[in-house]
Amino acid sequence: MTAPSIRGRKIDRQTEQPIVMLTAYTMRMAQLLDPHCDMLLVGDSLGQVIYGLPSTIPVTMEMMCAHGAAVVRGSWHALVAVDMPFGSYEASPATAFESASRIMKETGCAAVKLEGGEAMAPTVEFLSHRGIPVIGHVGLTPQAVNILGGYGARGREHPEAEKIVADAKAVDEAGAFCIVVEGVMEEIAERIAAEVSAPVIGIGASAKCDGQVLVTEDMLGMFERTPRFVKRYDDLAARIGDAARSFAEEVRARSFPTSDQTYRPKS
Ligand code: KIV
């Protein structure tokens, strides 16, 4: 998968086969997800999911590069995109180029993602014209949590809805090869998908998108609390707890290890 092949899935504002994207932060998870996905996103959500941070704000370039490289090593089919962390791209297009080129060199990823609409359009254009495929991200943009005041759905009021549509159009015109639209009312997602030429990948943005992305640990049921838009396809937290309980019981009962798991000289 390449940026042009993803972009080419939307023709005349229509996408025949929806685009499938999941997050991945480790090599083994990438290997497991890769055959099923068009794109793997090394999201800065790793701040919360892997590092237990309160938000994506403290996520560093070092974290993104280390996990990005691991995911690239575990994938051979899907396009791997890496999130640009907060503070690594907002100051200027030149700063963004420095950060994005470092991410691409150190990880081998095929694209970067950055949050923001009209204000970031010149940066999206600057990077796209210099060999860096960019995924836009509008609507609920978690790096702006301190401005937005929380993680609730966006665009309930008319002026904000119009702003989100304008943001999507701006990054589309600037050359983003696809656009993540997060946490918006269905009508906004529907309008954006109809009005921009790049594929729109929704998360909490209804079925009216050209594709869908979820945080893998959310859809696997690793967390007790997930946003309303998440569907749990498994209950891994419970299954991991069961496995750990069985291990603990067997160790305490001295029934693990058995001779099957014991090295002995060959007779
Ligand atoms: O950081 C992330 O995982 C993301 C997705 C939720 C789109 O940006």
# chains A, B, ... in the order shown; residues from 1 in each chain; ligands from 1
$ residues_around --residues "Val215 (chain A)" --least-positions-apart "6" --cutoff "12 Å" --atoms "only C-alpha atoms" --output "number ranges by chain"
A: 21-25, 33, 40-46, 48-50, 182, 202-204, 221-223, 226-227, 229-233
$ select_by_dssp --residues "region 43-265 of chain A" --states "strand (DSSP E or B)" --output "mmCIF file with N, CA, C and O atoms, in the first residue's frame"
data_model
loop_
_atom_site.group_PDB
_atom_site.id
_atom_site.type_symbol
_atom_site.label_atom_id
_atom_site.label_comp_id
_atom_site.auth_asym_id
_atom_site.auth_seq_id
_atom_site.Cartn_x
_atom_site.Cartn_y
_atom_site.Cartn_z
ATOM 1 N N LEU A 79 0.159 0.236 4.609
ATOM 2 C CA LEU A 79 0.925 1.492 4.707
ATOM 3 C C LEU A 79 1.054 1.850 6.190
ATOM 4 O O LEU A 79 0.057 1.854 6.914
ATOM 5 N N VAL A 80 2.259 2.112 6.634
ATOM 6 C CA VAL A 80 2.463 2.515 8.034
ATOM 7 C C VAL A 80 2.613 4.036 8.094
ATOM 8 O O VAL A 80 3.469 4.616 7.418
ATOM 9 N N ALA A 81 1.740 4.669 8.882
ATOM 10 C CA ALA A 81 1.812 6.125 9.100
ATOM 11 C C ALA A 81 2.118 6.369 10.570
ATOM 12 O O ALA A 81 1.645 5.626 11.440
ATOM 13 N N VAL A 82 2.918 7.390 10.832
ATOM 14 C CA VAL A 82 3.317 7.710 12.216
ATOM 15 C C VAL A 82 2.815 9.109 12.562
ATOM 16 O O VAL A 82 2.974 10.049 11.780
ATOM 17 N N ASP A 83 2.214 9.241 13.738
ATOM 18 C CA ASP A 83 1.745 10.551 14.212
ATOM 19 C C ASP A 83 2.916 11.466 14.539
ATOM 20 O O ASP A 83 3.897 11.034 15.161
ATOM 21 N N ALA A 111 4.346 7.535 5.676
ATOM 22 C CA ALA A 111 3.562 8.780 5.783
ATOM 23 C C ALA A 111 3.563 9.246 7.226
ATOM 24 O O ALA A 111 3.866 8.471 8.145
ATOM 25 N N VAL A 112 3.221 10.511 7.414
ATOM 26 C CA VAL A 112 3.026 11.037 8.765
ATOM 27 C C VAL A 112 1.595 11.575 8.876
ATOM 28 O O VAL A 112 0.957 11.855 7.861
ATOM 29 N N LYS A 113 1.129 11.717 10.104
ATOM 30 C CA LYS A 113 -0.185 12.337 10.348
ATOM 31 C C LYS A 113 0.023 13.519 11.277
ATOM 32 O O LYS A 113 0.809 13.434 12.226
ATOM 33 N N GLY A 116 -4.914 19.262 12.805
ATOM 34 C CA GLY A 116 -5.166 20.675 12.522
ATOM 35 C C GLY A 116 -5.713 20.877 11.125
ATOM 36 O O GLY A 116 -5.464 20.067 10.229
ATOM 37 N N VAL A 134 1.192 13.162 3.682
ATOM 38 C CA VAL A 134 0.600 13.611 4.946
ATOM 39 C C VAL A 134 -0.855 13.161 5.058
ATOM 40 O O VAL A 134 -1.636 13.299 4.116
ATOM 41 N N ILE A 135 -1.200 12.655 6.248
ATOM 42 C CA ILE A 135 -2.601 12.399 6.604
ATOM 43 C C ILE A 135 -3.045 13.562 7.487
ATOM 44 O O ILE A 135 -2.377 13.890 8.471
ATOM 45 N N GLY A 136 -4.160 14.199 7.119
ATOM 46 C CA GLY A 136 -4.718 15.262 7.947
ATOM 47 C C GLY A 136 -5.557 14.673 9.077
ATOM 48 O O GLY A 136 -5.877 13.478 9.079
ATOM 49 N N HIS A 137 -5.895 15.496 10.054
ATOM 50 C CA HIS A 137 -6.707 15.028 11.198
ATOM 51 C C HIS A 137 -7.495 16.233 11.699
ATOM 52 O O HIS A 137 -6.895 17.193 12.212
ATOM 53 N N VAL A 138 -8.821 16.187 11.525
ATOM 54 C CA VAL A 138 -9.670 17.327 11.917
ATOM 55 C C VAL A 138 -10.846 16.842 12.779
ATOM 56 O O VAL A 138 -11.071 15.652 12.919
ATOM 57 N N GLY A 139 -11.592 17.811 13.314
ATOM 58 C CA GLY A 139 -12.714 17.495 14.209
ATOM 59 C C GLY A 139 -12.192 17.519 15.628
ATOM 60 O O GLY A 139 -11.611 18.519 16.084
ATOM 61 N N ARG A 154 -17.396 16.921 18.590
ATOM 62 C CA ARG A 154 -17.332 18.302 18.121
ATOM 63 C C ARG A 154 -18.417 18.573 17.069
ATOM 64 O O ARG A 154 -18.961 17.660 16.463
ATOM 65 N N CYS A 178 -5.075 11.477 2.662
ATOM 66 C CA CYS A 178 -6.333 11.076 3.286
ATOM 67 C C CYS A 178 -6.490 11.900 4.560
ATOM 68 O O CYS A 178 -5.546 12.589 4.984
ATOM 69 N N ILE A 179 -7.701 11.884 5.105
ATOM 70 C CA ILE A 179 -7.990 12.767 6.243
ATOM 71 C C ILE A 179 -8.735 11.970 7.312
ATOM 72 O O ILE A 179 -9.788 11.386 7.036
ATOM 73 N N VAL A 180 -8.167 11.954 8.518
ATOM 74 C CA VAL A 180 -8.883 11.366 9.654
ATOM 75 C C VAL A 180 -9.854 12.424 10.183
ATOM 76 O O VAL A 180 -9.472 13.573 10.415
ATOM 77 N N VAL A 181 -11.115 12.025 10.336
ATOM 78 C CA VAL A 181 -12.124 12.916 10.922
ATOM 79 C C VAL A 181 -12.591 12.239 12.210
ATOM 80 O O VAL A 181 -13.118 11.121 12.176
ATOM 81 N N GLU A 182 -12.358 12.902 13.339
ATOM 82 C CA GLU A 182 -12.611 12.262 14.640
ATOM 83 C C GLU A 182 -13.716 12.982 15.400
ATOM 84 O O GLU A 182 -13.755 14.220 15.464
ATOM 85 N N VAL A 184 -17.153 13.600 15.376
ATOM 86 C CA VAL A 184 -18.046 14.660 14.876
ATOM 87 C C VAL A 184 -19.440 14.100 14.608
ATOM 88 O O VAL A 184 -19.627 12.894 14.466
ATOM 89 N N VAL A 200 -11.814 9.945 3.413
ATOM 90 C CA VAL A 200 -12.044 10.378 4.794
ATOM 91 C C VAL A 200 -12.121 9.132 5.677
ATOM 92 O O VAL A 200 -12.953 8.255 5.453
ATOM 93 N N ILE A 201 -11.220 9.057 6.654
ATOM 94 C CA ILE A 201 -11.182 7.904 7.569
ATOM 95 C C ILE A 201 -11.818 8.363 8.880
ATOM 96 O O ILE A 201 -11.286 9.257 9.545
ATOM 97 N N GLY A 202 -12.926 7.740 9.237
ATOM 98 C CA GLY A 202 -13.669 8.188 10.413
ATOM 99 C C GLY A 202 -13.287 7.431 11.673
ATOM 100 O O GLY A 202 -12.941 6.248 11.638
ATOM 101 N N ILE A 203 -13.350 8.166 12.798
ATOM 102 C CA ILE A 203 -13.281 7.528 14.128
ATOM 103 C C ILE A 203 -14.283 8.290 14.969
ATOM 104 O O ILE A 203 -14.138 9.489 15.205
ATOM 105 N N GLY A 211 -13.684 5.245 5.089
ATOM 106 C CA GLY A 211 -12.981 4.192 5.812
ATOM 107 C C GLY A 211 -13.139 4.425 7.295
ATOM 108 O O GLY A 211 -13.748 5.413 7.716
ATOM 109 N N GLN A 212 -12.597 3.497 8.085
ATOM 110 C CA GLN A 212 -12.728 3.604 9.544
ATOM 111 C C GLN A 212 -11.399 3.258 10.202
ATOM 112 O O GLN A 212 -10.644 2.420 9.706
ATOM 113 N N VAL A 213 -11.131 3.913 11.329
ATOM 114 C CA VAL A 213 -9.985 3.585 12.160
ATOM 115 C C VAL A 213 -10.445 3.474 13.612
ATOM 116 O O VAL A 213 -11.369 4.195 14.021
ATOM 117 N N LEU A 214 -9.854 2.546 14.356
ATOM 118 C CA LEU A 214 -10.064 2.471 15.804
ATOM 119 C C LEU A 214 -8.708 2.243 16.467
ATOM 120 O O LEU A 214 -7.763 1.757 15.829
#
$ residues_around --residues "Ile192 (chain A)" --least-positions-apart "2" --cutoff "12 Å" --atoms "only C-alpha atoms" --output "number ranges by chain"
A: 13, 138-139, 161-172, 178-182, 184-190, 194-202, 205-206, 208-210
$ closest_residue --among "A:Thr262, A:Ser255, A:Ser75, A:Ser267" --to "Asp34 (chain A)" --atoms "only C-alpha atoms"
A:Ser75
$ select_by_dssp --residues "region 92-130 of chain A" --states "alpha helix (DSSP H)" --output "list in words"
Pro93, Ala94, Thr95, Ala96, Phe97, Glu98, Ser99, Ala100, Ser101, Arg102, Ile103, Met104, Lys105, Glu106, Thr107, Ala121, Pro122, Thr123, Val124, Glu125, Phe126, Leu127 and Ser128 of chain A
